[in-house]
Structures are given as C-alpha cells and as structure tokens.
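Colleague: Next comes my_file.pdb, PDB, C-alpha atoms, pLDDT in the B column:
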```pdb
ATOM      1  CA  MET Q   1      49.354 -33.127 -14.854  1.00 68.00           C
ATOM      2  CA  ARG Q   2      47.415 -31.108 -17.370  1.00 75.00           C
ATOM      3  CA  PHE Q   3      44.294 -29.147 -16.728  1.00 77.00           C
ATOM      4  CA  SER Q   4      41.753 -28.570 -19.443  1.00 87.00           C
ATOM      5  CA  ALA Q   5      40.982 -25.027 -20.552  1.00 87.00           C
ATOM      6  CA  GLU Q   6      37.548 -25.104 -18.957  1.00 88.00           C
ATOM      7  CA  LYS Q   7      39.004 -26.025 -15.570  1.00 89.00           C
ATOM      8  CA  VAL Q   8      41.571 -23.221 -15.765  1.00 91.00           C
ATOM      9  CA  LEU Q   9      38.846 -20.740 -16.710  1.00 93.00           C
ATOM     10  CA  GLY Q  10      36.710 -21.995 -13.849  1.00 92.00           C
ATOM     11  CA  LEU Q  11      39.594 -21.546 -11.396  1.00 93.00           C
ATOM     12  CA  TYR Q  12      40.177 -18.000 -12.595  1.00 94.00           C
ATOM     13  CA  MET Q  13      36.489 -17.127 -12.260  1.00 95.00           C
ATOM     14  CA  LEU Q  14      36.415 -18.704  -8.793  1.00 95.00           C
ATOM     15  CA  ALA Q  15      39.419 -16.620  -7.750  1.00 96.00           C
ATOM     16  CA  ILE Q  16      37.800 -13.434  -9.048  1.00 97.00           C
ATOM     17  CA  LEU Q  17      34.553 -14.262  -7.236  1.00 97.00           C
ATOM     18  CA  GLY Q  18      36.387 -14.981  -3.988  1.00 96.00           C
ATOM     19  CA  ILE Q  19      38.407 -11.762  -4.141  1.00 96.00           C
ATOM     20  CA  THR Q  20      35.205  -9.800  -4.851  1.00 96.00           C
ATOM     21  CA  LEU Q  21      33.330 -11.349  -1.937  1.00 96.00           C
ATOM     22  CA  ILE Q  22      36.231 -10.816   0.495  1.00 95.00           C
ATOM     23  CA  GLY Q  23      36.491  -7.222  -0.692  1.00 94.00           C
ATOM     24  CA  ILE Q  24      32.783  -6.662  -0.135  1.00 92.00           C
ATOM     25  CA  VAL Q  25      33.028  -8.046   3.400  1.00 90.00           C
ATOM     26  CA  VAL Q  26      36.104  -5.969   4.224  1.00 90.00           C
ATOM     27  CA  LEU Q  27      34.920  -2.723   2.657  1.00 87.00           C
ATOM     28  CA  THR Q  28      31.351  -2.710   4.009  1.00 84.00           C
ATOM     29  CA  PRO Q  29      30.889  -0.030   6.682  1.00 78.00           C
ATOM     30  CA  ASP Q  30      29.684  -1.140  10.089  1.00 78.00           C
ATOM     31  CA  ILE Q  31      25.993  -0.965  10.845  1.00 76.00           C
ATOM     32  CA  GLY Q  32      25.079   2.575  11.861  1.00 72.00           C
ATOM     33  CA  SER Q  33      28.321   4.158  10.694  1.00 74.00           C
ATOM     34  CA  PHE Q  34      27.270   4.937   7.137  1.00 70.00           C
ATOM     35  CA  SER Q  35      28.539   8.437   6.438  1.00 70.00           C
ATOM     36  CA  HIS Q  36      26.496   9.495   3.395  1.00 71.00           C
ATOM     37  CA  LYS Q  37      23.308  10.659   5.074  1.00 75.00           C
ATOM     38  CA  ALA Q  38      22.533  13.708   2.950  1.00 80.00           C
ATOM     39  CA  ALA Q  39      19.049  12.608   1.850  1.00 82.00           C
ATOM     40  CA  ALA Q  40      18.040  11.381   5.315  1.00 82.00           C
ATOM     41  CA  ASN Q  41      19.224  14.577   6.983  1.00 85.00           C
ATOM     42  CA  TYR Q  42      17.408  16.674   4.397  1.00 88.00           C
ATOM     43  CA  TYR Q  43      14.154  14.796   4.989  1.00 88.00           C
ATOM     44  CA  LEU Q  44      14.458  15.122   8.768  1.00 87.00           C
ATOM     45  CA  GLU Q  45      15.341  18.815   8.720  1.00 88.00           C
ATOM     46  CA  SER Q  46      13.012  20.250   6.083  1.00 87.00           C
ATOM     47  CA  GLY Q  47      10.303  17.615   5.777  1.00 85.00           C
ATOM     48  CA  LEU Q  48       7.820  19.571   7.891  1.00 86.00           C
ATOM     49  CA  GLN Q  49       8.321  22.804   5.951  1.00 85.00           C
ATOM     50  CA  ASP Q  50       8.189  21.057   2.568  1.00 83.00           C
ATOM     51  CA  THR Q  51       5.164  18.861   3.040  1.00 84.00           C
ATOM     52  CA  GLY Q  52       3.493  20.107   6.216  1.00 84.00           C
ATOM     53  CA  SER Q  53       2.807  16.632   7.568  1.00 86.00           C
ATOM     54  CA  ALA Q  54       4.179  15.524  10.927  1.00 87.00           C
ATOM     55  CA  ASN Q  55       4.588  11.893   9.888  1.00 88.00           C
ATOM     56  CA  ILE Q  56       7.884  11.824   8.011  1.00 89.00           C
ATOM     57  CA  VAL Q  57       7.326   8.324   6.642  1.00 90.00           C
ATOM     58  CA  ASN Q  58       3.970   9.285   5.202  1.00 90.00           C
ATOM     59  CA  SER Q  59       5.307  12.489   3.694  1.00 89.00           C
ATOM     60  CA  ILE Q  60       8.141  10.577   2.017  1.00 90.00           C
ATOM     61  CA  VAL Q  61       5.826   7.867   0.718  1.00 90.00           C
ATOM     62  CA  TRP Q  62       3.071  10.128  -0.603  1.00 89.00           C
ATOM     63  CA  ASP Q  63       4.853  13.398  -1.296  1.00 87.00           C
ATOM     64  CA  TYR Q  64       8.548  13.079  -2.068  1.00 88.00           C
ATOM     65  CA  ARG Q  65       8.120   9.733  -3.813  1.00 89.00           C
ATOM     66  CA  GLY Q  66       4.559  10.001  -5.042  1.00 87.00           C
ATOM     67  CA  TYR Q  67       5.197   8.454  -8.418  1.00 90.00           C
ATOM     68  CA  ASP Q  68       6.730   5.402  -6.745  1.00 91.00           C
ATOM     69  CA  THR Q  69       3.574   4.963  -4.661  1.00 91.00           C
ATOM     70  CA  LEU Q  70       1.445   5.391  -7.784  1.00 91.00           C
ATOM     71  CA  GLY Q  71       3.422   2.492  -9.271  1.00 92.00           C
ATOM     72  CA  GLU Q  72       2.806   0.440  -6.125  1.00 91.00           C
ATOM     73  CA  GLU Q  73      -0.932   1.012  -6.437  1.00 91.00           C
ATOM     74  CA  THR Q  74      -0.698  -0.015 -10.080  1.00 91.00           C
ATOM     75  CA  VAL Q  75       1.073  -3.220  -9.043  1.00 93.00           C
ATOM     76  CA  LEU Q  76      -1.681  -3.956  -6.509  1.00 91.00           C
ATOM     77  CA  PHE Q  77      -4.385  -3.281  -9.108  1.00 90.00           C
ATOM     78  CA  THR Q  78      -2.620  -5.537 -11.600  1.00 92.00           C
ATOM     79  CA  ALA Q  79      -2.338  -8.299  -8.993  1.00 91.00           C
ATOM     80  CA  ALA Q  80      -6.073  -8.128  -8.252  1.00 89.00           C
ATOM     81  CA  LEU Q  81      -6.863  -8.134 -11.969  1.00 89.00           C
ATOM     82  CA  GLY Q  82      -4.542 -11.082 -12.605  1.00 90.00           C
ATOM     83  CA  ILE Q  83      -6.052 -13.143  -9.788  1.00 89.00           C
ATOM     84  CA  PHE Q  84      -9.542 -12.354 -11.070  1.00 86.00           C
ATOM     85  CA  LEU Q  85      -8.604 -13.361 -14.607  1.00 88.00           C
ATOM     86  CA  MET Q  86      -6.839 -16.581 -13.601  1.00 87.00           C
ATOM     87  CA  ILE Q  87      -9.384 -17.804 -11.065  1.00 83.00           C
ATOM     88  CA  ARG Q  88     -12.851 -17.295 -12.483  1.00 74.00           C
ATOM     89  CA  LYS Q  89     -15.659 -19.445 -13.591  1.00 67.00           C
ATOM     90  CA  LYS Q  90     -15.033 -21.003 -16.946  1.00 62.00           C
ATOM     91  CA  ALA Q  91     -17.593 -19.811 -19.416  1.00 56.00           C
TER      92      ALA Q  91
ATOM     93  CA  MET J   1     -29.093 -19.756   6.219  1.00 53.00           C
ATOM     94  CA  LEU J   2     -25.518 -20.941   5.887  1.00 59.00           C
ATOM     95  CA  GLY J   3     -22.528 -19.877   7.955  1.00 61.00           C
ATOM     96  CA  ILE J   4     -21.379 -20.650  11.468  1.00 78.00           C
ATOM     97  CA  ASP J   5     -22.444 -19.948  14.995  1.00 83.00           C
ATOM     98  CA  VAL J   6     -25.021 -17.326  15.987  1.00 89.00           C
ATOM     99  CA  ILE J   7     -22.608 -15.795  18.510  1.00 90.00           C
ATOM    100  CA  ILE J   8     -19.900 -15.260  15.893  1.00 89.00           C
ATOM    101  CA  LYS J   9     -22.438 -13.848  13.456  1.00 90.00           C
ATOM    102  CA  THR J  10     -23.807 -11.358  15.986  1.00 92.00           C
ATOM    103  CA  VAL J  11     -20.378 -10.298  17.238  1.00 92.00           C
ATOM    104  CA  SER J  12     -18.989  -9.803  13.736  1.00 91.00           C
ATOM    105  CA  ARG J  13     -22.103  -7.858  12.720  1.00 91.00           C
ATOM    106  CA  ILE J  14     -21.658  -5.520  15.689  1.00 94.00           C
ATOM    107  CA  LEU J  15     -17.880  -5.271  15.266  1.00 94.00           C
ATOM    108  CA  PHE J  16     -17.833  -4.582  11.531  1.00 93.00           C
ATOM    109  CA  PRO J  17     -18.705  -0.818  11.642  1.00 95.00           C
ATOM    110  CA  PHE J  18     -16.064  -0.252  14.288  1.00 96.00           C
ATOM    111  CA  ILE J  19     -13.415  -1.930  12.139  1.00 95.00           C
ATOM    112  CA  LEU J  20     -14.404   0.368   9.285  1.00 94.00           C
ATOM    113  CA  LEU J  21     -14.195   3.297  11.719  1.00 95.00           C
ATOM    114  CA  ILE J  22     -10.651   2.346  12.775  1.00 95.00           C
ATOM    115  CA  GLY J  23      -9.662   2.072   9.124  1.00 94.00           C
ATOM    116  CA  ALA J  24     -11.105   5.504   8.348  1.00 93.00           C
ATOM    117  CA  TYR J  25      -9.328   6.975  11.382  1.00 94.00           C
ATOM    118  CA  ILE J  26      -5.980   5.535  10.340  1.00 93.00           C
ATOM    119  CA  ALA J  27      -6.438   6.875   6.805  1.00 92.00           C
ATOM    120  CA  LEU J  28      -7.552  10.334   8.002  1.00 92.00           C
ATOM    121  CA  TYR J  29      -4.793  10.752  10.601  1.00 92.00           C
ATOM    122  CA  GLY J  30      -2.097   9.142   8.455  1.00 90.00           C
ATOM    123  CA  HIS J  31      -0.159  12.405   8.149  1.00 89.00           C
ATOM    124  CA  LEU J  32      -0.021  12.896  11.933  1.00 90.00           C
ATOM    125  CA  SER J  33       0.291   9.473  13.545  1.00 89.00           C
ATOM    126  CA  PRO J  34       1.690   6.113  12.409  1.00 89.00           C
ATOM    127  CA  GLY J  35      -0.432   4.624   9.700  1.00 87.00           C
ATOM    128  CA  GLY J  36      -1.453   5.664   6.241  1.00 88.00           C
ATOM    129  CA  ALA J  37      -3.213   4.378   3.204  1.00 91.00           C
ATOM    130  CA  PHE J  38      -1.881   0.835   3.100  1.00 92.00           C
ATOM    131  CA  PRO J  39      -2.632  -0.145   6.752  1.00 93.00           C
ATOM    132  CA  ALA J  40      -6.044   1.525   6.498  1.00 94.00           C
ATOM    133  CA  GLY J  41      -6.939  -0.463   3.406  1.00 94.00           C
ATOM    134  CA  ALA J  42      -5.711  -3.671   5.007  1.00 94.00           C
ATOM    135  CA  ILE J  43      -7.829  -3.038   8.137  1.00 95.00           C
ATOM    136  CA  ILE J  44     -10.966  -2.334   6.086  1.00 94.00           C
ATOM    137  CA  ALA J  45     -10.373  -5.484   4.029  1.00 94.00           C
ATOM    138  CA  SER J  46      -9.897  -7.506   7.240  1.00 94.00           C
ATOM    139  CA  GLY J  47     -13.359  -6.335   8.342  1.00 93.00           C
ATOM    140  CA  PHE J  48     -14.756  -7.795   5.148  1.00 92.00           C
ATOM    141  CA  VAL J  49     -12.840 -11.013   5.814  1.00 92.00           C
ATOM    142  CA  LEU J  50     -14.539 -11.224   9.210  1.00 92.00           C
ATOM    143  CA  LEU J  51     -17.953 -10.812   7.590  1.00 91.00           C
ATOM    144  CA  ILE J  52     -17.151 -13.438   4.954  1.00 90.00           C
ATOM    145  CA  ILE J  53     -16.024 -15.909   7.633  1.00 88.00           C
ATOM    146  CA  ALA J  54     -19.123 -15.369   9.759  1.00 89.00           C
ATOM    147  CA  TYR J  55     -21.630 -15.275   6.913  1.00 87.00           C
ATOM    148  CA  THR J  56     -21.200 -16.811   3.496  1.00 83.00           C
ATOM    149  CA  GLU J  57     -19.532 -14.851   0.739  1.00 80.00           C
ATOM    150  CA  ARG J  58     -22.818 -14.990  -1.186  1.00 84.00           C
ATOM    151  CA  ASP J  59     -24.576 -12.820   1.397  1.00 85.00           C
ATOM    152  CA  VAL J  60     -21.693 -10.358   1.582  1.00 86.00           C
ATOM    153  CA  GLU J  61     -21.427 -10.092  -2.183  1.00 85.00           C
ATOM    154  CA  HIS J  62     -25.175  -9.546  -2.417  1.00 87.00           C
ATOM    155  CA  THR J  63     -24.947  -6.337  -0.392  1.00 87.00           C
ATOM    156  CA  PHE J  64     -21.568  -5.125  -1.660  1.00 88.00           C
ATOM    157  CA  THR J  65     -21.155  -6.270  -5.219  1.00 88.00           C
ATOM    158  CA  LYS J  66     -18.117  -6.519  -7.445  1.00 86.00           C
ATOM    159  CA  HIS J  67     -19.483  -3.814  -9.729  1.00 88.00           C
ATOM    160  CA  GLU J  68     -19.589  -1.322  -6.864  1.00 90.00           C
ATOM    161  CA  LEU J  69     -16.032  -2.333  -5.956  1.00 89.00           C
ATOM    162  CA  ILE J  70     -14.846  -1.686  -9.509  1.00 89.00           C
ATOM    163  CA  ASP J  71     -16.665   1.677  -9.591  1.00 91.00           C
ATOM    164  CA  ILE J  72     -15.061   2.822  -6.321  1.00 91.00           C
ATOM    165  CA  LYS J  73     -11.671   1.605  -7.488  1.00 90.00           C
ATOM    166  CA  SER J  74     -11.900   3.407 -10.819  1.00 90.00           C
ATOM    167  CA  ILE J  75     -12.914   6.724  -9.250  1.00 92.00           C
ATOM    168  CA  ALA J  76     -10.207   6.417  -6.593  1.00 91.00           C
ATOM    169  CA  GLY J  77      -7.577   5.543  -9.195  1.00 90.00           C
ATOM    170  CA  ILE J  78      -8.405   8.576 -11.362  1.00 91.00           C
ATOM    171  CA  LEU J  79      -8.342  10.851  -8.292  1.00 92.00           C
ATOM    172  CA  LEU J  80      -5.012   9.310  -7.201  1.00 90.00           C
ATOM    173  CA  ILE J  81      -3.374   9.922 -10.573  1.00 90.00           C
ATOM    174  CA  GLY J  82      -4.654  13.513 -10.617  1.00 89.00           C
ATOM    175  CA  LEU J  83      -3.476  14.260  -7.072  1.00 88.00           C
ATOM    176  CA  ILE J  84      -0.035  12.741  -7.566  1.00 88.00           C
ATOM    177  CA  ILE J  85       0.522  14.617 -10.816  1.00 86.00           C
ATOM    178  CA  SER J  86      -0.607  17.864  -9.144  1.00 85.00           C
ATOM    179  CA  ILE J  87       1.954  17.434  -6.322  1.00 82.00           C
ATOM    180  CA  SER J  88       4.539  19.197  -8.461  1.00 78.00           C
ATOM    181  CA  HIS J  89       2.107  21.982  -9.413  1.00 80.00           C
ATOM    182  CA  LYS J  90       2.473  25.538  -8.140  1.00 79.00           C
ATOM    183  CA  SER J  91      -0.964  25.624  -6.465  1.00 80.00           C
ATOM    184  CA  ARG J  92       0.266  23.097  -3.906  1.00 80.00           C
ATOM    185  CA  VAL J  93       2.451  25.747  -2.252  1.00 80.00           C
ATOM    186  CA  GLU J  94      -0.529  28.079  -1.795  1.00 81.00           C
ATOM    187  CA  PHE J  95      -2.583  25.153  -0.541  1.00 82.00           C
ATOM    188  CA  LEU J  96       0.177  24.320   1.932  1.00 83.00           C
ATOM    189  CA  SER J  97       0.553  27.883   3.201  1.00 82.00           C
ATOM    190  CA  ALA J  98      -3.191  28.050   3.991  1.00 81.00           C
ATOM    191  CA  GLN J  99      -2.827  25.158   6.430  1.00 83.00           C
ATOM    192  CA  THR J 100      -1.517  24.998   9.986  1.00 83.00           C
ATOM    193  CA  ALA J 101       1.175  22.457  10.737  1.00 80.00           C
ATOM    194  CA  LEU J 102       0.640  19.610  13.240  1.00 83.00           C
ATOM    195  CA  SER J 103      -3.154  19.886  13.043  1.00 84.00           C
ATOM    196  CA  LEU J 104      -5.652  17.747  11.165  1.00 85.00           C
ATOM    197  CA  TRP J 105      -5.841  20.325   8.380  1.00 87.00           C
ATOM    198  CA  SER J 106      -2.208  20.073   7.304  1.00 86.00           C
ATOM    199  CA  GLY J 107       0.074  18.074   5.091  1.00 83.00           C
ATOM    200  CA  GLY J 108      -0.754  19.501   1.665  1.00 83.00           C
ATOM    201  CA  PHE J 109      -2.315  16.776  -0.443  1.00 87.00           C
ATOM    202  CA  THR J 110      -1.245  13.893   1.803  1.00 89.00           C
ATOM    203  CA  PRO J 111      -4.578  13.525   3.713  1.00 90.00           C
ATOM    204  CA  PHE J 112      -6.506  13.280   0.425  1.00 91.00           C
ATOM    205  CA  LEU J 113      -3.889  10.921  -0.966  1.00 91.00           C
ATOM    206  CA  ASN J 114      -4.196   8.773   2.165  1.00 92.00           C
ATOM    207  CA  MET J 115      -7.968   8.566   1.818  1.00 92.00           C
ATOM    208  CA  VAL J 116      -7.932   7.823  -1.907  1.00 93.00           C
ATOM    209  CA  GLY J 117      -5.069   5.338  -1.586  1.00 92.00           C
ATOM    210  CA  GLY J 118      -6.896   3.635   1.278  1.00 93.00           C
ATOM    211  CA  PHE J 119      -9.904   3.174  -0.986  1.00 93.00           C
ATOM    212  CA  MET J 120      -7.623   1.749  -3.692  1.00 92.00           C
ATOM    213  CA  VAL J 121      -5.941  -0.762  -1.370  1.00 93.00           C
ATOM    214  CA  ALA J 122      -9.184  -1.785   0.360  1.00 93.00           C
ATOM    215  CA  THR J 123     -11.039  -2.404  -2.904  1.00 93.00           C
ATOM    216  CA  ALA J 124      -8.114  -4.348  -4.365  1.00 92.00           C
ATOM    217  CA  LEU J 125      -7.848  -6.588  -1.280  1.00 93.00           C
ATOM    218  CA  VAL J 126     -11.607  -7.153  -1.039  1.00 92.00           C
ATOM    219  CA  PHE J 127     -11.653  -7.985  -4.754  1.00 90.00           C
ATOM    220  CA  ILE J 128      -8.864 -10.556  -4.247  1.00 91.00           C
ATOM    221  CA  ILE J 129     -10.700 -12.027  -1.225  1.00 90.00           C
ATOM    222  CA  TYR J 130     -13.975 -12.317  -3.141  1.00 88.00           C
ATOM    223  CA  THR J 131     -12.221 -14.122  -5.968  1.00 87.00           C
ATOM    224  CA  LEU J 132     -10.178 -16.452  -3.772  1.00 88.00           C
ATOM    225  CA  VAL J 133     -13.016 -17.401  -1.415  1.00 86.00           C
ATOM    226  CA  ARG J 134     -15.007 -18.691  -4.383  1.00 79.00           C
ATOM    227  CA  GLU J 135     -12.433 -21.401  -5.044  1.00 72.00           C
TER     228      GLU J 135
END
```
The structure given in the file should be rewritten as structure tokens.
Modeller:
Amino acid sequence: MRFSAEKVLGLYMLAILGITLIGIVVLTPDIGSFSHKAAANYYLESGLQDTGSANIVNSIVWDYRGYDTLGEETVLFTAALGIFLMIRKKA
Amino acid sequence: MLGIDVIIKTVSRILFPFILLIGAYIALYGHLSPGGAFPAGAIIASGFVLLIIAYTERDVEHTFTKHELIDIKSIAGILLIGLIISISHKSRVEFLSAQTALSLWSGGFTPFLNMVGGFMVATALVFIIYTLVRE
C-alpha cells in the first residue's frame, strides 16, 4: 500500500502538532505556582513610593503603562470615528 | 412631545445629575478606591443613555450637541497626550514629593489623568450612542 507524498507530509505535520500540544500540556505550570513574579512583586512593593497612588491597578494602568493606555484611548476614538463615518446620513 | 411615560421622564430627569456625580466621584477617587477613568466614562455615558431612552435623542442632542462633544474630546485628548508624555519628566518627582500619600492630593499625575481620560471615554461613548440611536 502506497501513500502519496501529501499524505506522508500531513502525517508528519500531525505528529509534530500532537507532540507540541502534549508538551504544552505537560510543561505548563499549575495555576498559582508560576515562579517568575519579579514584575508583580516590584509593583506591589514599590508601587506606592513610585507613583503615590494607593490603587495599584490604577497606578499600573495610568503610570507604569501610560503609553499603552494612550493607545487604548486612541483605539476608542478611532472606533467612535469609524462608527460615525459608516453610519451617517447620506448626503 | 415624544418619548415615553411621564413617571420615567421625571425620574430620569431627577436621577441624571446624581449619575454624573457618581461618575465624577469615581474619576476623582480613582487613585484611592476601585474605579478609574474607564468606569467613570461608562457611568456618565449610561446617564446619557437614560436621558435618551426617556426623552427623544433630538431633545438631548439639542442641549448637548455633537460639536460640544468634539470640542471636549479634542481638549481632553491634547491634555492626555501632554500628561502622559510628561510622566517621564523630572518635574513629576518634585510634584510627587509635594503630595501626601493615601490622601486625595496624591498619586502624581494619576488624578488628572483619570479626569481627562474619563472625559475622553465619556465623550467617545456618548458620540457612539448618538450615532447609533439615529439608525
């Protein structure tokens, strides 16, 4: 019984995909046991001294990652503009 | 006079300033308690939704026009860009050291950013609502 080249290639790719998925499932750390917490610990320890605001979430959103929030506002502005341009009275 | 029931109209007319007040509170105290710019803007926009449901959108747009919305949004956007760029500036440290932690006057630029961002979100959502209600 002969397989065509496409079928053999498909089997190989399927094997690679399966091994990758099994590896991901096996190697994923359990929930809550992630050991690389450097950024989170830094925010919790020195967030009040750095930004002066008691709300850590707000200080991260508006202070540590201000440019990201500026991009979010730009996305919101672009969404409003796009809706206004798509749905308006035809001239 | 279009719109629905007199009771709903009266209640929404009385309730509307308080909704704006809650939105302003959440934006002003965003650096101390849960909240911030995005929930504040959503609450303010929900107040406008209540007005639009009770009255027609023609009456609401007559008192608070799209041009005013665009003006507020432009000013708030320029202020937001300026504040976020000045976060990395040296004057922020002096500004921060002049404040007392855990009080209303704290948080560096974050209270101003909360207010300005709240204006941005509220105007964007009200703009979307105005446009979508028309259809």
Colleague: Please, which residues of chain Q lie no more than 12 Å from chain J when the count uses all atoms listed in the file, and can they be set out as number ranges by chain?
Modeller: Q: 47-89
Colleague: How many Å separate atom CA of J:Ser86 from atom CA of J:Val116?
Modeller: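 Value for the atom CA of J:Ser86-atom CA of J:Val116 distance: 14.4 Å.
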Colleague: Just the number, please: distance in Å from atom CA of Q:Ile19 to atom CA of Q:Arg2, one decimal.
Modeller: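 That distance, rounded to one decimal, is 25.1 Å.
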Colleague: Measuring atom to atom with all atoms listed in the file, identify which of J:Tyr55, J:Phe119, J:Phe64, J:Phe95 is nearest to J:Ile43.
Modeller: J:Phe119
Colleague: Identify all residues satisfying the PyMOL selection byres ((chain J and resi 46-49) around 9) in the given file; provide them as a PyMOL selection string.
Modeller: chain J and resi 12+15-20+41-45+50-54+60+122+125-126+129
Colleague: Edge lengths and centre, in Å to one decimal, as JSON: that's what I need for the box along x, y and z that holds all listed atoms of stretch 38-49 of chain Q plus 5 Å on each side.
Modeller:
```
{"center_x": 15.2, "center_y": 17.1, "center_z": 5.3, "size_x": 24.7, "size_y": 21.4, "size_z": 16.9}
```
Colleague: Between atom CA of J:Lys9 and atom CA of J:Tyr25, what is the distance in Å, rounded to a tenth?
Modeller: 24.7 Å
